[in-house]
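**Student:** Before anything else, here's the structure in question.
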Amino acid sequence: MKSTILVPLLALAGGALAALNVTGSTCTVTPLEMPANGREPDDTPQILEAFKQCGQNGKVILTEGLFHIGQVMDLQNLNKVDVEIHGTMRWSADIQYWLRNSIGVEYAQRSTAWRVGGQDISFRGFGKALFDGQGQLWYDQNRGGSNQAGRPISFTLWHAKNVFIDGITWTQAQFWHTFIAYSENVTMTNLNMNATSHSQWSTVNTDGTDTWNSKDVFISNWTVTCGDDCIAVKGNSTNIQVSNVHCYESGCATIGSLGNPANVADYVEGVTFDNITCTHSSNAAWIKTYSGTGRVRNVTFSNIVAQDVNQPIYVTSCIYSNSGCDTSRLPISDVRWINVTGTSRYNIAAAIHCPASNPCSGFSFENVNITTISGSTTPKYLCSNINGQADTGIPCTGTCPAGWPQQLSGDR
């Protein structure tokens, strides 16, 4: 006979209790009520306790209502657990706490507010779950800075295997929405993400997701507004499949950045972006590396629609630094652009600069038809250092200089 236990974890003024109901291997968490003194409660302890009791061979249910998250959550070694989220999770506005306590995730000194690891894990939001990072506070205090130490990624998969995530909405994420690191066989479907600043300060680095040291990742049916990379495939990512995604105000479908630091090899292989719409974005289907080491091979961008995109197709071996553009040790090969259509904001449809020391090979265009949004000029396709260029189908109209910018401010 299964037992039912009501665990009062925290008593508040006015008699409100944080309730954790344990029935067999199912833990059901209900959110705290706002106390009479108006001080925001913290639901983190009961959530952590639920995962402690039911995070292996069990189920964790967060009911409808507003859960206040005031502490980091580090949930590793989960095993065969189903998580249901029916309500809203709102991270606290205590910026100094998060800067001091967010959990390091190795990559480029990034850190996270919530880290999940283990195997056979599902998170289901049923289209009702909402993750609210109160990001406007972060955008304003960051004041346009690039990578503030301690600014937390919302949700990180870390050494996770066999994961399914579905039906969750993010609003105003603190930093990147999600990060997939050291993980495999991850499926993420039906997700919505929106990070939009309503002040003079831009969001800066509110990527939809970034994969790193991961394989067999399947992403589909996303809508993302983020102001930075929508889906970014970073170093040592293999078999990444992305389909049916609409990216607004973003970098859209991205390989990179790779090759930094130069002494750490970054390999990316077997990536497909299919049926991707890029609206009012910086780029659409592109690859960015530093002059480092590693390899990019076997990448397909298919059925890409660019709607008012600054520079739809872009390849560079010296992103941001303009250093070593022609001496990179990170070759790029076997990249296909198939059925890429739409409009560029200016008169550059594609800018591809491969290093002279390591020319790109196996590039191909098939049914690439990009027009300028004004319709008054013929778009240019700029190319440099592509092996077998005459047979690629790329209608090169001129050379692409080293250090060509990622974004343009007008016709060139």
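As shown in the structure tokens, the chain order sets the letters A, B, ...; within each chain, residues go from 1, and ligands are also counted from 1 in the order they appear.
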Quick one: everything within 10 Å of Leu62 (chain A), counting only C-alpha atoms, minus sequence neighbours fewer than 6 positions away in the same chain. Send it as a list in words.

**Tutor:**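 Near neighbours after the sequence-gap exclusion: Leu20, Cys27, Thr28, Val29, Thr30, Pro31, Ile47, Ala50, Val83, Glu84, Ile85, His86, Gly87, Thr88, Met89, Gly125 and Ala129 of chain A.
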
**Student:** Can you tell me, as a ChimeraX atom specification, what residues are no more than 8 Å from region 361-371 of chain A when counting only C-alpha atoms, ignoring any on the same chain fewer than 4 positions away?

**Tutor:** /A:306,332-344,349,375,378-379,386-389,391-394

**Student:** Can you write out the residues you just picked, keeping C-alpha atoms, as a tab-separated table (two decimals), in the first residue's frame?

**Tutor:**
chain	number	residue	atom	x	y	z
A	306	ALA	CA	15.26	34.74	-44.66
A	332	ILE	CA	35.42	23.72	-43.05
A	333	SER	CA	34.14	21.17	-45.54
A	334	ASP	CA	31.04	19.51	-46.99
A	335	VAL	CA	28.55	22.29	-46.31
A	336	ARG	CA	25.33	22.45	-48.31
A	337	TRP	CA	22.83	25.28	-48.63
A	338	ILE	CA	19.62	23.91	-50.18
A	339	ASN	CA	16.43	25.90	-50.85
A	340	VAL	CA	17.56	29.08	-49.13
A	341	THR	CA	15.19	31.87	-50.12
A	342	GLY	CA	13.98	35.26	-48.98
A	343	THR	CA	15.28	38.77	-48.56
A	344	SER	CA	18.48	40.43	-47.41
A	349	ALA	CA	23.25	37.74	-50.02
A	375	GLY	CA	14.19	45.12	-54.80
A	378	THR	CA	21.01	42.83	-57.43
A	379	PRO	CA	22.41	40.94	-54.44
A	386	ILE	CA	36.76	27.78	-51.96
A	387	ASN	CA	38.14	24.67	-53.64
A	388	GLY	CA	36.34	23.78	-56.87
A	389	GLN	CA	34.37	26.99	-56.71
A	391	ASP	CA	31.37	23.49	-59.54
A	392	THR	CA	29.74	24.58	-56.26
A	393	GLY	CA	26.72	26.33	-57.71
A	394	ILE	CA	27.67	29.46	-55.76

**Student:** Any idea what's packed within 8 Å of region 146-157 of chain A, counting only C-alpha atoms, ignoring anything in its chain fewer than 2 positions away? Could you give it as JSON, numbers by chain?

**Tutor:** {"A": [98, 99, 100, 101, 102, 103, 109, 110, 111, 112, 113, 114, 115, 116, 117, 133, 138, 142, 144, 159, 160, 173, 174, 175, 176, 177, 178, 179, 180, 181, 182, 183, 204, 205]}

**Student:** With C-alpha atoms retained, export the selected residues as a PDB file, in the first residue's frame.

**Tutor:**
ATOM      1  CA  TRP A  98      22.999  34.955  -8.533  1.00  0.00           C
ATOM      2  CA  LEU A  99      26.301  36.600  -9.430  1.00  0.00           C
ATOM      3  CA  ARG A 100      27.886  35.010  -6.356  1.00  0.00           C
ATOM      4  CA  ASN A 101      26.230  31.606  -6.453  1.00  0.00           C
ATOM      5  CA  SER A 102      25.387  30.578 -10.026  1.00  0.00           C
ATOM      6  CA  ILE A 103      26.892  27.193 -10.922  1.00  0.00           C
ATOM      7  CA  GLN A 109      33.407  30.916 -17.699  1.00  0.00           C
ATOM      8  CA  ARG A 110      29.639  30.643 -18.095  1.00  0.00           C
ATOM      9  CA  SER A 111      27.391  29.663 -15.198  1.00  0.00           C
ATOM     10  CA  THR A 112      23.802  28.573 -14.675  1.00  0.00           C
ATOM     11  CA  ALA A 113      20.887  28.949 -12.272  1.00  0.00           C
ATOM     12  CA  TRP A 114      19.628  25.376 -12.800  1.00  0.00           C
ATOM     13  CA  ARG A 115      21.737  22.345 -13.722  1.00  0.00           C
ATOM     14  CA  VAL A 116      20.184  18.960 -14.520  1.00  0.00           C
ATOM     15  CA  GLY A 117      22.078  15.702 -15.067  1.00  0.00           C
ATOM     16  CA  GLY A 133      13.942  34.953 -15.523  1.00  0.00           C
ATOM     17  CA  TRP A 138      19.693  41.743 -15.956  1.00  0.00           C
ATOM     18  CA  ASN A 142      24.513  44.649 -17.601  1.00  0.00           C
ATOM     19  CA  GLY A 144      25.304  46.158 -22.938  1.00  0.00           C
ATOM     20  CA  HIS A 159      26.109  15.049 -18.388  1.00  0.00           C
ATOM     21  CA  ALA A 160      22.519  14.117 -19.211  1.00  0.00           C
ATOM     22  CA  ALA A 173      15.657  34.829 -19.598  1.00  0.00           C
ATOM     23  CA  GLN A 174      18.553  36.053 -17.504  1.00  0.00           C
ATOM     24  CA  PHE A 175      21.175  34.994 -20.080  1.00  0.00           C
ATOM     25  CA  TRP A 176      21.164  32.021 -22.483  1.00  0.00           C
ATOM     26  CA  HIS A 177      17.840  30.227 -22.277  1.00  0.00           C
ATOM     27  CA  THR A 178      19.303  26.721 -22.404  1.00  0.00           C
ATOM     28  CA  PHE A 179      22.700  25.019 -22.624  1.00  0.00           C
ATOM     29  CA  ILE A 180      23.309  21.387 -23.606  1.00  0.00           C
ATOM     30  CA  ALA A 181      26.715  20.210 -22.371  1.00  0.00           C
ATOM     31  CA  TYR A 182      28.296  16.749 -22.135  1.00  0.00           C
ATOM     32  CA  SER A 183      24.920  15.262 -23.033  1.00  0.00           C
ATOM     33  CA  VAL A 204      22.980  40.704 -25.117  1.00  0.00           C
ATOM     34  CA  ASN A 205      23.710  36.951 -25.197  1.00  0.00           C
TER      35      ASN A 205
END

**Student:** May I have a table of the residues of region 285-326 of chain A lying at most 6 Å from region 245-267 of chain A, giving each one's closest pair of atoms and their distance in Å to one decimal, counting only C-alpha atoms, ordered by chain and ascending residue number, as a Markdown table?

**Tutor:**
| residue | atom | partner | partner_atom | distance |
| --- | --- | --- | --- | --- |
| A:Ala285 | CA | A:Ala253 | CA | 5.1 |
| A:Trp286 | CA | A:Thr254 | CA | 5.3 |
| A:Ile287 | CA | A:Ile255 | CA | 4.6 |
| A:Lys288 | CA | A:Gly256 | CA | 5.1 |
| A:Thr289 | CA | A:Leu258 | CA | 4.5 |
| A:Tyr290 | CA | A:Gly259 | CA | 4.9 |
| A:Gly292 | CA | A:Gly259 | CA | 4.1 |
| A:Thr293 | CA | A:Ala265 | CA | 4.8 |
| A:Gly294 | CA | A:Ala265 | CA | 4.4 |
| A:Arg295 | CA | A:Tyr267 | CA | 4.8 |
| A:Val296 | CA | A:Tyr267 | CA | 5.9 |

**Student:** So the first atom is CA of Ile373 (chain A) and the second is CA of Val224 (chain A); what is the distance between them in Å, to one decimal place?

**Tutor:**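 The value is 22.5 Å.
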
**Student:** Where does DSSP see strand (DSSP E or B) in region 62-303 of chain A, if you list the residues as a PyMOL selection string?

**Tutor:** chain A and resi 62+66-69+73-85+88-91+103-104+111-112+114-132+152-153+155-171+178-181+184-194+209-212+214-225+229-233+237-248+252-258+266-279+285-289+293-303

**Student:** Only C-alpha atoms, please: the residues just picked out, written as a short mmCIF file (atom, residue, chain, number, x, y, z; two decimals), in the first residue's frame.

**Tutor:**
data_model
loop_
_atom_site.label_atom_id
_atom_site.label_comp_id
_atom_site.auth_asym_id
_atom_site.auth_seq_id
_atom_site.Cartn_x
_atom_site.Cartn_y
_atom_site.Cartn_z
CA LEU A 62 4.85 21.15 -9.85
CA LEU A 66 3.60 30.77 -9.09
CA PHE A 67 6.81 29.20 -7.77
CA HIS A 68 9.41 31.67 -6.53
CA ILE A 69 12.96 30.45 -7.14
CA MET A 73 19.19 24.22 -8.20
CA ASP A 74 21.85 21.60 -8.91
CA LEU A 75 20.08 18.33 -9.73
CA GLN A 76 22.56 15.71 -10.88
CA ASN A 77 22.29 11.93 -10.83
CA LEU A 78 18.61 11.95 -11.71
CA ASN A 79 17.45 8.59 -13.02
CA LYS A 80 14.19 7.52 -14.63
CA VAL A 81 12.26 10.56 -13.50
CA ASP A 82 9.31 12.30 -15.14
CA VAL A 83 8.84 15.97 -14.30
CA GLU A 84 5.55 17.77 -14.86
CA ILE A 85 5.41 21.55 -14.62
CA THR A 88 5.19 29.44 -13.50
CA MET A 89 8.72 29.39 -12.12
CA ARG A 90 10.02 32.89 -11.47
CA TRP A 91 13.66 33.48 -10.56
CA ILE A 103 26.89 27.19 -10.92
CA GLY A 104 29.92 27.09 -13.20
CA SER A 111 27.39 29.66 -15.20
CA THR A 112 23.80 28.57 -14.68
CA TRP A 114 19.63 25.38 -12.80
CA ARG A 115 21.74 22.35 -13.72
CA VAL A 116 20.18 18.96 -14.52
CA GLY A 117 22.08 15.70 -15.07
CA GLY A 118 21.50 11.96 -15.07
CA GLN A 119 19.63 9.70 -17.46
CA ASP A 120 16.12 8.90 -18.62
CA ILE A 121 14.70 12.29 -17.70
CA SER A 122 11.61 14.04 -19.02
CA PHE A 123 10.33 17.58 -18.44
CA ARG A 124 6.80 18.23 -19.69
CA GLY A 125 5.16 21.63 -19.56
CA PHE A 126 1.94 20.87 -21.48
CA GLY A 127 2.10 24.33 -23.06
CA LYS A 128 1.41 25.84 -19.62
CA ALA A 129 4.82 25.86 -17.95
CA LEU A 130 6.48 29.28 -17.88
CA PHE A 131 10.07 30.06 -16.86
CA ASP A 132 10.36 33.76 -15.98
CA PRO A 152 23.22 32.73 -15.12
CA ILE A 153 21.99 30.58 -17.97
CA PHE A 155 18.51 25.91 -17.66
CA THR A 156 21.48 23.60 -18.34
CA LEU A 157 21.62 19.92 -19.25
CA TRP A 158 24.89 18.61 -17.83
CA HIS A 159 26.11 15.05 -18.39
CA ALA A 160 22.52 14.12 -19.21
CA LYS A 161 21.49 11.12 -21.31
CA ASN A 162 18.10 10.21 -22.79
CA VAL A 163 16.27 13.46 -22.11
CA PHE A 164 12.90 14.67 -23.37
CA ILE A 165 11.75 18.28 -22.87
CA ASP A 166 8.45 19.54 -24.25
CA GLY A 167 5.90 22.32 -23.97
CA ILE A 168 7.74 25.00 -21.96
CA THR A 169 7.80 28.77 -22.50
CA TRP A 170 10.63 31.06 -21.42
CA THR A 171 10.12 34.78 -20.91
CA THR A 178 19.30 26.72 -22.40
CA PHE A 179 22.70 25.02 -22.62
CA ILE A 180 23.31 21.39 -23.61
CA ALA A 181 26.71 20.21 -22.37
CA GLU A 184 23.49 12.78 -25.51
CA ASN A 185 20.18 11.67 -26.94
CA VAL A 186 18.36 14.88 -26.08
CA THR A 187 15.01 15.77 -27.64
CA MET A 188 13.54 19.25 -27.10
CA THR A 189 10.20 20.03 -28.75
CA ASN A 190 7.46 22.65 -28.71
CA LEU A 191 9.41 25.33 -26.86
CA ASN A 192 8.83 29.09 -26.94
CA MET A 193 11.44 31.64 -25.89
CA ASN A 194 11.21 35.42 -25.80
CA THR A 209 20.28 27.19 -26.99
CA ASP A 210 23.93 26.23 -27.40
CA THR A 211 25.21 22.68 -27.74
CA TRP A 212 28.72 21.78 -26.58
CA SER A 214 27.17 16.73 -26.97
CA LYS A 215 25.76 14.33 -29.53
CA ASP A 216 22.41 13.14 -30.86
CA VAL A 217 20.42 16.28 -30.11
CA PHE A 218 16.99 16.70 -31.74
CA ILE A 219 15.29 20.11 -31.69
CA SER A 220 11.93 20.80 -33.32
CA ASN A 221 8.96 23.15 -33.23
CA TRP A 222 10.52 26.13 -31.49
CA THR A 223 9.68 29.83 -31.67
CA VAL A 224 12.51 32.05 -30.43
CA THR A 225 12.95 35.80 -30.05
CA ASP A 229 22.10 33.21 -31.61
CA CYS A 230 18.84 31.31 -31.88
CA ILE A 231 20.34 27.80 -32.19
CA ALA A 232 24.14 27.65 -31.90
CA VAL A 233 26.15 24.47 -32.38
CA SER A 237 28.86 18.59 -31.20
CA THR A 238 27.86 15.65 -33.41
CA ASN A 239 24.55 14.67 -35.01
CA ILE A 240 22.58 17.79 -34.17
CA GLN A 241 19.21 17.86 -35.95
CA VAL A 242 17.14 21.06 -35.91
CA SER A 243 13.79 21.42 -37.68
CA ASN A 244 10.70 23.61 -37.78
CA VAL A 245 12.06 26.61 -35.92
CA HIS A 246 11.10 30.27 -36.31
CA CYS A 247 13.76 32.69 -35.07
CA TYR A 248 13.09 36.40 -34.61
CA CYS A 252 19.20 32.18 -36.40
CA ALA A 253 20.96 28.95 -37.49
CA THR A 254 24.59 29.05 -36.37
CA ILE A 255 27.67 26.85 -36.29
CA GLY A 256 29.98 28.39 -33.69
CA SER A 257 31.70 30.13 -32.34
CA LEU A 258 34.51 27.56 -32.56
CA ASP A 266 36.65 22.02 -31.67
CA TYR A 267 34.98 19.44 -33.91
CA VAL A 268 31.48 19.76 -35.35
CA GLU A 269 30.06 17.11 -37.65
CA GLY A 270 26.69 15.90 -38.90
CA VAL A 271 24.47 18.96 -38.39
CA THR A 272 21.20 19.67 -40.18
CA PHE A 273 19.08 22.79 -39.97
CA ASP A 274 15.83 22.19 -41.86
CA ASN A 275 12.71 24.32 -42.27
CA ILE A 276 14.05 27.36 -40.42
CA THR A 277 12.56 30.85 -40.76
CA CYS A 278 14.75 33.79 -39.82
CA THR A 279 12.88 37.07 -39.33
CA ALA A 285 22.57 30.09 -42.21
CA TRP A 286 26.15 30.67 -41.19
CA ILE A 287 29.42 29.43 -39.71
CA LYS A 288 31.73 31.38 -37.42
CA THR A 289 35.09 30.23 -36.16
CA THR A 293 42.05 24.16 -34.37
CA GLY A 294 39.50 21.44 -35.10
CA ARG A 295 37.12 20.83 -37.99
CA VAL A 296 33.63 21.55 -39.31
CA ARG A 297 32.29 18.86 -41.65
CA ASN A 298 28.98 17.64 -43.06
CA VAL A 299 26.57 20.49 -42.40
CA THR A 300 23.28 21.06 -44.22
CA PHE A 301 21.16 24.20 -44.21
CA SER A 302 17.93 23.31 -46.01
CA ASN A 303 14.60 25.05 -46.52
#

**Student:** Among region 70-277 of chain A, which ones does DSSP assign to helix (DSSP H, G or I) (computed from the backbone)? Answer as a PyMOL selection string.

**Tutor:** chain A and resi 95-101+107-109+135-142

**Student:** Just write the chosen residues, N, CA, C and O atoms, as a compact mmCIF listing (two decimals), in the first residue's frame.

**Tutor:**
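And here's part19.txt as it stands now:
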# COMPACT_ATOMS: atom_id res chain seq x y z
N ILE A 95 20.02 40.02 -7.82
CA ILE A 95 21.10 39.87 -8.79
C ILE A 95 22.41 39.52 -8.11
O ILE A 95 23.17 38.67 -8.60
N GLN A 96 22.70 40.13 -6.97
CA GLN A 96 23.97 39.85 -6.30
C GLN A 96 24.06 38.40 -5.83
O GLN A 96 25.14 37.80 -5.87
N TYR A 97 22.94 37.83 -5.40
CA TYR A 97 22.96 36.42 -5.02
C TYR A 97 23.36 35.56 -6.21
O TYR A 97 24.22 34.68 -6.10
N TRP A 98 22.73 35.79 -7.37
CA TRP A 98 23.00 34.96 -8.53
C TRP A 98 24.43 35.15 -9.03
O TRP A 98 25.08 34.19 -9.44
N LEU A 99 24.92 36.36 -9.00
CA LEU A 99 26.30 36.60 -9.43
C LEU A 99 27.30 35.84 -8.56
O LEU A 99 28.33 35.37 -9.03
N ARG A 100 26.98 35.70 -7.28
CA ARG A 100 27.89 35.01 -6.36
C ARG A 100 27.72 33.50 -6.39
O ARG A 100 28.69 32.76 -6.13
N ASN A 101 26.53 33.02 -6.69
CA ASN A 101 26.23 31.61 -6.45
C ASN A 101 25.88 30.78 -7.68
O ASN A 101 25.71 29.55 -7.56
N TYR A 107 32.32 26.13 -19.88
CA TYR A 107 32.45 26.81 -21.16
C TYR A 107 32.58 28.33 -20.98
O TYR A 107 31.67 28.99 -20.46
N ALA A 108 33.71 28.87 -21.39
CA ALA A 108 33.93 30.32 -21.43
C ALA A 108 33.50 31.03 -20.15
O ALA A 108 32.97 32.13 -20.18
N GLN A 109 33.73 30.36 -19.03
CA GLN A 109 33.41 30.92 -17.70
C GLN A 109 31.92 31.20 -17.52
O GLN A 109 31.52 32.03 -16.71
N GLY A 135 14.37 38.95 -16.78
CA GLY A 135 15.57 39.35 -17.48
C GLY A 135 15.78 40.84 -17.63
O GLY A 135 16.92 41.29 -17.75
N GLN A 136 14.71 41.63 -17.63
CA GLN A 136 14.91 43.07 -17.82
C GLN A 136 15.84 43.65 -16.77
O GLN A 136 16.65 44.54 -17.06
N LEU A 137 15.77 43.12 -15.56
CA LEU A 137 16.68 43.56 -14.51
C LEU A 137 18.13 43.28 -14.90
O LEU A 137 19.03 44.09 -14.65
N TRP A 138 18.35 42.12 -15.53
CA TRP A 138 19.69 41.74 -15.96
C TRP A 138 20.16 42.59 -17.13
O TRP A 138 21.32 43.02 -17.18
N TYR A 139 19.28 42.84 -18.08
CA TYR A 139 19.67 43.63 -19.24
C TYR A 139 20.07 45.05 -18.82
O TYR A 139 21.04 45.61 -19.32
N ASP A 140 19.30 45.61 -17.88
CA ASP A 140 19.57 46.98 -17.46
C ASP A 140 20.86 47.09 -16.65
O ASP A 140 21.66 48.00 -16.86
N GLN A 141 21.09 46.14 -15.72
CA GLN A 141 22.30 46.25 -14.91
C GLN A 141 23.55 45.88 -15.72
O GLN A 141 24.65 46.33 -15.43
N ASN A 142 23.37 45.06 -16.77
CA ASN A 142 24.51 44.65 -17.60
C ASN A 142 24.99 45.77 -18.52
O ASN A 142 26.15 45.80 -18.92

**Student:** May I ask which of the residues A:Thr372, A:Asn283, A:Leu330, A:Lys59 is the closest one to Cys354 (chain A), counting only C-alpha atoms?

**Tutor:**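 Residue with the minimum atom-to-atom distance to Cys354 (chain A): A:Leu330.
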
**Student:** In Å, with one decimal, what is the gap from CA of Asp43 (chain A) to CA of Thr26 (chain A)?

**Tutor:** 18.0 Å

**Student:** What is the distance, in Å and to one decimal place, between CA of Leu48 (chain A) and CA of Gly208 (chain A)?

**Tutor:**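 Going from CA of Leu48 (chain A) over to CA of Gly208 (chain A) covers 25.5 Å.
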